[in-house]
file start.pdb (PDB, C-alpha atoms)
ATOM      1  CA  ARG A  22      -0.007  46.273  13.639
ATOM      2  CA  LEU A  23      -0.280  43.655  10.958
ATOM      3  CA  SER A  24      -1.475  44.241   7.428
ATOM      4  CA  PRO A  25      -4.595  42.394   6.188
ATOM      5  CA  GLU A  26      -2.334  40.115   4.105
ATOM      6  CA  GLN A  27      -0.256  39.209   7.165
ATOM      7  CA  ILE A  28      -3.403  38.521   9.216
ATOM      8  CA  GLN A  29      -4.696  36.231   6.467
ATOM      9  CA  GLU A  30      -1.327  34.438   6.299
ATOM     10  CA  VAL A  31      -1.235  33.852  10.054
ATOM     11  CA  GLN A  32      -4.820  32.641  10.216
ATOM     12  CA  SER A  33      -4.485  30.340   7.214
ATOM     13  CA  LYS A  34      -1.317  28.693   8.556
ATOM     14  CA  SER A  35      -2.624  28.162  12.067
ATOM     15  CA  ARG A  36      -5.847  26.195  11.552
ATOM     16  CA  PRO A  37      -6.080  22.427  11.213
ATOM     17  CA  GLY A  38      -7.716  21.273   8.011
ATOM     18  CA  ASP A  39      -6.989  24.380   5.942
ATOM     19  CA  ALA A  40      -5.431  24.082   2.509
ATOM     20  CA  MET A  41      -1.970  24.266   4.090
ATOM     21  CA  GLY A  42      -2.888  21.698   6.734
ATOM     22  CA  PHE A  43      -1.408  21.751  10.197
ATOM     23  CA  VAL A  44       1.739  19.798  10.775
ATOM     24  CA  PRO A  45       3.689  20.352  14.010
ATOM     25  CA  GLY A  46       6.711  22.470  13.218
ATOM     26  CA  SER A  47       5.237  23.745   9.946
ATOM     27  CA  VAL A  48       4.556  27.223  11.346
ATOM     28  CA  SER A  49       7.566  29.449  10.815
ATOM     29  CA  LYS A  50       9.038  31.581  13.573
ATOM     30  CA  GLU A  51       7.909  34.673  11.672
ATOM     31  CA  THR A  52       4.312  33.404  11.533
ATOM     32  CA  ALA A  53       4.381  32.595  15.247
ATOM     33  CA  GLU A  54       5.704  36.085  16.035
ATOM     34  CA  MET A  55       2.985  37.636  13.867
ATOM     35  CA  ARG A  56       0.351  35.557  15.683
ATOM     36  CA  ALA A  57       1.440  37.154  18.957
ATOM     37  CA  ASP A  58       0.663  40.554  17.381
ATOM     38  CA  LEU A  59      -2.848  39.761  16.089
ATOM     39  CA  GLY A  60      -4.544  41.663  18.926
ATOM     40  CA  LYS A  61      -8.244  42.268  18.229
ATOM     41  CA  GLN A  62      -8.043  40.422  14.902
ATOM     42  CA  ALA A  63      -7.425  37.146  16.776
ATOM     43  CA  ASN A  64     -10.322  34.732  16.925
ATOM     44  CA  PHE A  65     -10.696  32.119  19.653
ATOM     45  CA  TRP A  66      -8.703  29.481  17.735
ATOM     46  CA  ASP A  67      -5.793  31.881  17.167
ATOM     47  CA  MET A  68      -5.674  32.506  20.928
ATOM     48  CA  GLN A  69      -5.641  28.771  21.731
ATOM     49  CA  VAL A  70      -3.043  27.385  19.346
ATOM     50  CA  PHE A  71       0.100  25.952  20.892
ATOM     51  CA  ASP A  72       2.188  29.096  20.470
ATOM     52  CA  GLY A  73      -0.743  31.500  20.797
ATOM     53  CA  PRO A  74      -1.090  34.041  23.588
ATOM     54  CA  GLY A  75      -3.709  32.137  25.626
ATOM     55  CA  PRO A  76      -2.074  28.887  26.754
ATOM     56  CA  GLU A  77       1.358  30.302  27.542
ATOM     57  CA  THR A  78      -0.026  33.295  29.419
ATOM     58  CA  ILE A  79      -2.463  31.279  31.521
ATOM     59  CA  ASN A  80      -0.063  28.433  32.287
ATOM     60  CA  SER A  81       2.797  30.776  33.132
ATOM     61  CA  ARG A  82       0.672  32.891  35.468
ATOM     62  CA  ALA A  83      -0.722  29.782  37.131
ATOM     63  CA  SER A  84       2.818  28.445  37.609
ATOM     64  CA  MET A  85       4.098  31.765  38.955
ATOM     65  CA  LEU A  86       1.364  31.525  41.589
ATOM     66  CA  ALA A  87       1.603  27.770  42.201
ATOM     67  CA  VAL A  88       5.355  27.464  42.813
ATOM     68  CA  PRO A  89       5.725  29.933  45.727
ATOM     69  CA  LEU A  90       2.299  29.081  47.169
ATOM     70  CA  GLY A  91       2.981  25.342  46.863
ATOM     71  CA  LEU A  92       6.374  25.673  48.552
ATOM     72  CA  TRP A  93       4.893  27.788  51.347
ATOM     73  CA  LEU A  94       2.129  25.222  51.930
ATOM     74  CA  GLU A  95       4.689  22.401  51.839
ATOM     75  CA  ALA A  96       6.671  24.211  54.525
ATOM     76  CA  THR A  97       3.637  24.873  56.737
ATOM     77  CA  THR A  98       1.606  21.676  56.246
ATOM     78  CA  GLY A  99       4.159  19.116  55.038
ATOM     79  CA  GLN A 100       1.848  18.186  52.139
ATOM     80  CA  GLY A 101       3.173  17.905  48.609
ATOM     81  CA  LEU A 102       1.558  19.498  45.568
ATOM     82  CA  LEU A 103      -0.482  16.430  44.682
ATOM     83  CA  GLU A 104      -1.865  16.158  48.219
ATOM     84  CA  GLN A 105      -2.702  19.866  48.233
ATOM     85  CA  VAL A 106      -4.662  19.547  44.986
ATOM     86  CA  LYS A 107      -6.391  16.380  46.195
ATOM     87  CA  ASP A 108      -7.473  18.089  49.445
ATOM     88  CA  HIS A 109      -8.639  21.346  47.781
ATOM     89  CA  PRO A 110      -9.719  20.591  44.178
ATOM     90  CA  ILE A 111     -12.440  23.247  43.999
ATOM     91  CA  THR A 112     -10.092  25.988  45.201
ATOM     92  CA  VAL A 113      -7.418  24.997  42.685
ATOM     93  CA  PHE A 114      -9.977  24.878  39.857
ATOM     94  CA  ALA A 115     -11.482  28.247  40.852
ATOM     95  CA  VAL A 116      -8.052  29.922  40.909
ATOM     96  CA  PHE A 117      -7.231  28.489  37.474
ATOM     97  CA  VAL A 118     -10.567  29.733  36.041
ATOM     98  CA  ILE A 119     -10.058  33.218  37.520
ATOM     99  CA  LEU A 120      -6.509  33.383  36.134
ATOM    100  CA  GLY A 121      -7.770  32.204  32.752
ATOM    101  CA  LEU A 122     -10.505  34.809  32.567
ATOM    102  CA  ALA A 123      -8.184  37.563  33.789
ATOM    103  CA  SER A 124      -5.653  36.545  31.128
ATOM    104  CA  TYR A 125      -8.166  36.512  28.264
ATOM    105  CA  VAL A 126      -9.590  39.983  28.954
ATOM    106  CA  PRO A 127      -6.487  41.866  27.722
ATOM    107  CA  ILE A 128      -6.128  39.506  24.740
ATOM    108  CA  VAL A 129      -9.747  40.066  23.675
ATOM    109  CA  ARG A 130      -9.333  43.839  24.157
ATOM    110  CA  GLY A 131      -6.455  43.781  21.685
ATOM    111  CA  TYR A 132      -3.336  43.793  23.849
ATOM    112  CA  THR A 133      -0.593  41.497  22.656
ATOM    113  CA  ARG A 134       2.316  39.763  24.347
ATOM    114  CA  LYS A 135       4.620  42.170  22.559
ATOM    115  CA  GLU A 136       2.685  45.328  23.402
ATOM    116  CA  PRO A 137       5.156  48.151  24.003
ATOM    117  CA  PHE A 138       4.009  48.964  27.498
ATOM    118  CA  ALA A 139       5.775  48.512  30.777
ATOM    119  CA  ASN A 140       4.981  49.169  34.389
ATOM    120  CA  HIS A 141       7.803  50.894  36.235
ATOM    121  CA  ASN A 142       6.276  50.803  39.733
ATOM    122  CA  PHE A 143       8.676  50.693  42.673
ATOM    123  CA  GLY A 144      11.689  50.763  40.361
ATOM    124  CA  PHE A 145      10.875  47.411  38.741
ATOM    125  CA  ASN A 146      10.694  47.052  34.975
ATOM    126  CA  TRP A 147       7.635  44.851  34.410
ATOM    127  CA  THR A 148       7.356  44.064  30.708
ATOM    128  CA  PRO A 149       5.484  41.380  28.732
ATOM    129  CA  LYS A 150       8.827  39.835  27.754
ATOM    130  CA  ALA A 151       9.909  39.600  31.410
ATOM    131  CA  GLU A 152       6.543  38.076  32.324
ATOM    132  CA  ASN A 153       6.929  35.475  29.564
ATOM    133  CA  TRP A 154      10.411  34.459  30.732
ATOM    134  CA  ASN A 155       9.477  34.424  34.428
ATOM    135  CA  GLY A 156       6.451  32.292  33.547
ATOM    136  CA  ARG A 157       8.525  29.849  31.512
ATOM    137  CA  ILE A 158      10.961  29.437  34.390
ATOM    138  CA  ALA A 159       8.047  28.976  36.812
ATOM    139  CA  MET A 160       6.529  26.296  34.532
ATOM    140  CA  MET A 161       9.849  24.414  34.575
ATOM    141  CA  GLY A 162       9.981  24.795  38.366
ATOM    142  CA  PHE A 163       6.441  23.490  38.760
ATOM    143  CA  THR A 164       7.206  20.510  36.536
ATOM    144  CA  GLY A 165      10.390  19.882  38.542
ATOM    145  CA  MET A 166       8.412  19.940  41.789
ATOM    146  CA  LEU A 167       5.938  17.377  40.409
ATOM    147  CA  PHE A 168       8.736  15.099  39.151
ATOM    148  CA  THR A 169      10.578  15.389  42.469
ATOM    149  CA  GLU A 170       7.453  14.327  44.363
ATOM    150  CA  TRP A 171       6.736  11.525  41.918
ATOM    151  CA  ILE A 172      10.262  10.106  42.023
ATOM    152  CA  SER A 173      10.989  10.555  45.739
ATOM    153  CA  GLY A 174       7.533   9.964  47.221
ATOM    154  CA  VAL A 175       7.868  12.980  49.544
ATOM    155  CA  ASN A 176       7.323  16.690  49.025
ATOM    156  CA  THR A 177       9.946  18.843  47.335
ATOM    157  CA  LEU A 178      11.321  20.409  50.521
ATOM    158  CA  GLN A 179      11.721  16.984  52.137
ATOM    159  CA  ALA A 180      13.346  15.528  49.017
ATOM    160  CA  TRP A 181      15.984  18.285  49.025
ATOM    161  CA  GLY A 182      16.617  17.955  52.766
ATOM    162  CA  LEU A 183      15.088  21.318  53.644
ATOM    163  CA  GLN A 184      12.366  19.815  55.826
ATOM    164  CA  SER A 185      12.469  16.797  58.092
ATOM    165  CA  ILE A 186      10.505  13.725  57.093
ATOM    166  CA  PRO A 187       8.062  12.773  59.864
ATOM    167  CA  PHE A 188       8.025   9.121  60.896
ATOM    168  CA  PRO A 189       4.966   8.883  63.169
ATOM    169  CA  HIS A 190       5.136   5.084  63.466
ATOM    170  CA  LEU A 191       8.593   5.103  65.098
TER     171      LEU A 191
END
call {"tool": "encode", "arguments": {"input": "start.pdb", "output": "structure tokens"}}
result
Amino acid sequence: RLSPEQIQEVQSKSRPGDAMGFVPGSVSKETAEMRADLGKQANFWDMQVFDGPGPETINSRASMLAVPLGLWLEATTGQGLLEQVKDHPITVFAVFVILGLASYVPIVRGYTRKEPFANHNFGFNWTPKAENWNGRIAMMGFTGMLFTEWISGVNTLQAWGLQSIPFPHL
């Protein structure tokens, strides 16, 4: 846990318009690490800052769900990610809201990204650090899928030659 002085330091360096001001890159690594440990002392702004627990957790969990589900739907329907979102916007939005709410509950209850707990079910070592790294890799994969579709004009599986490209007009 952080001392009251450390909490004050983290909160004063993370808000725009404070005496210190907010300049990208002005938050030290130590301050960012302390912010991840705020737990129940975190207010809504502390959860939402760029390196706070909220955005990374929600985006990484959404990406960890979107990459395998998107690839499976590409394989079964032939639609790329953008087409899938266009055809089912309410479903995509609802899943993102549910993931967001489910991610904020532990943060509001005081759990941190560095909480020393792990789940050892089925012989797997599920830790917050592993979830962070898996989520970061999934976010890069999701971005890669979007760029692949944007550049090639076909879905990811078709662009990499793993699915045939239908030519109905031939």
call {"tool": "closest_residue", "arguments": {"input": "start.pdb", "among": "A:Met68, A:Ile79, A:Leu86, A:Leu103", "to": "Met166 (chain A)", "atoms": "all atoms listed in the file"}}
result
A:Leu103
call {"tool": "resolve_selection", "arguments": {"input": "start.pdb", "expression": "the PyMOL selection byres ((chain A and resi 157) around 10)", "output": "VMD selection string"}}
result
chain A and resid 77 to 78 80 to 82 84 to 85 151 to 156 158 to 163
call {"tool": "atom_distance", "arguments": {"input": "start.pdb", "atom1": "CA of Phe65 (chain A)", "atom2": "CA of Ser124 (chain A)"}}
result
13.3 Å
call {"tool": "atom_distance", "arguments": {"input": "start.pdb", "atom1": "CA of Val126 (chain A)", "atom2": "CA of Pro149 (chain A)"}}
result
15.1 Å
call {"tool": "resolve_selection", "arguments": {"input": "start.pdb", "expression": "the PyMOL selection byres ((chain A and resi 102) around 10)", "output": "ChimeraX atom specification"}}
result
/A:87-88,90-92,94-95,99-101,103-108,163,166-167,170,175-177
call {"tool": "atom_distance", "arguments": {"input": "start.pdb", "atom1": "CA of Leu178 (chain A)", "atom2": "CA of Val113 (chain A)"}}
result
20.8 Å
call {"tool": "axis_aligned_box", "arguments": {"input": "start.pdb", "around": "region 165-178 of chain A", "padding_each_side": "5 Å", "output": "AutoDock Vina command-line options"}}
result
--center_x 8.6 --center_y 15.2 --center_z 44.5 --size_x 15.4 --size_y 20.4 --size_z 22.0
call {"tool": "closest_residue", "arguments": {"input": "start.pdb", "among": "A:Ala96, A:Ile111, A:Trp147, A:Val70", "to": "Leu183 (chain A)", "atoms": "all atoms listed in the file"}}
result
A:Ala96
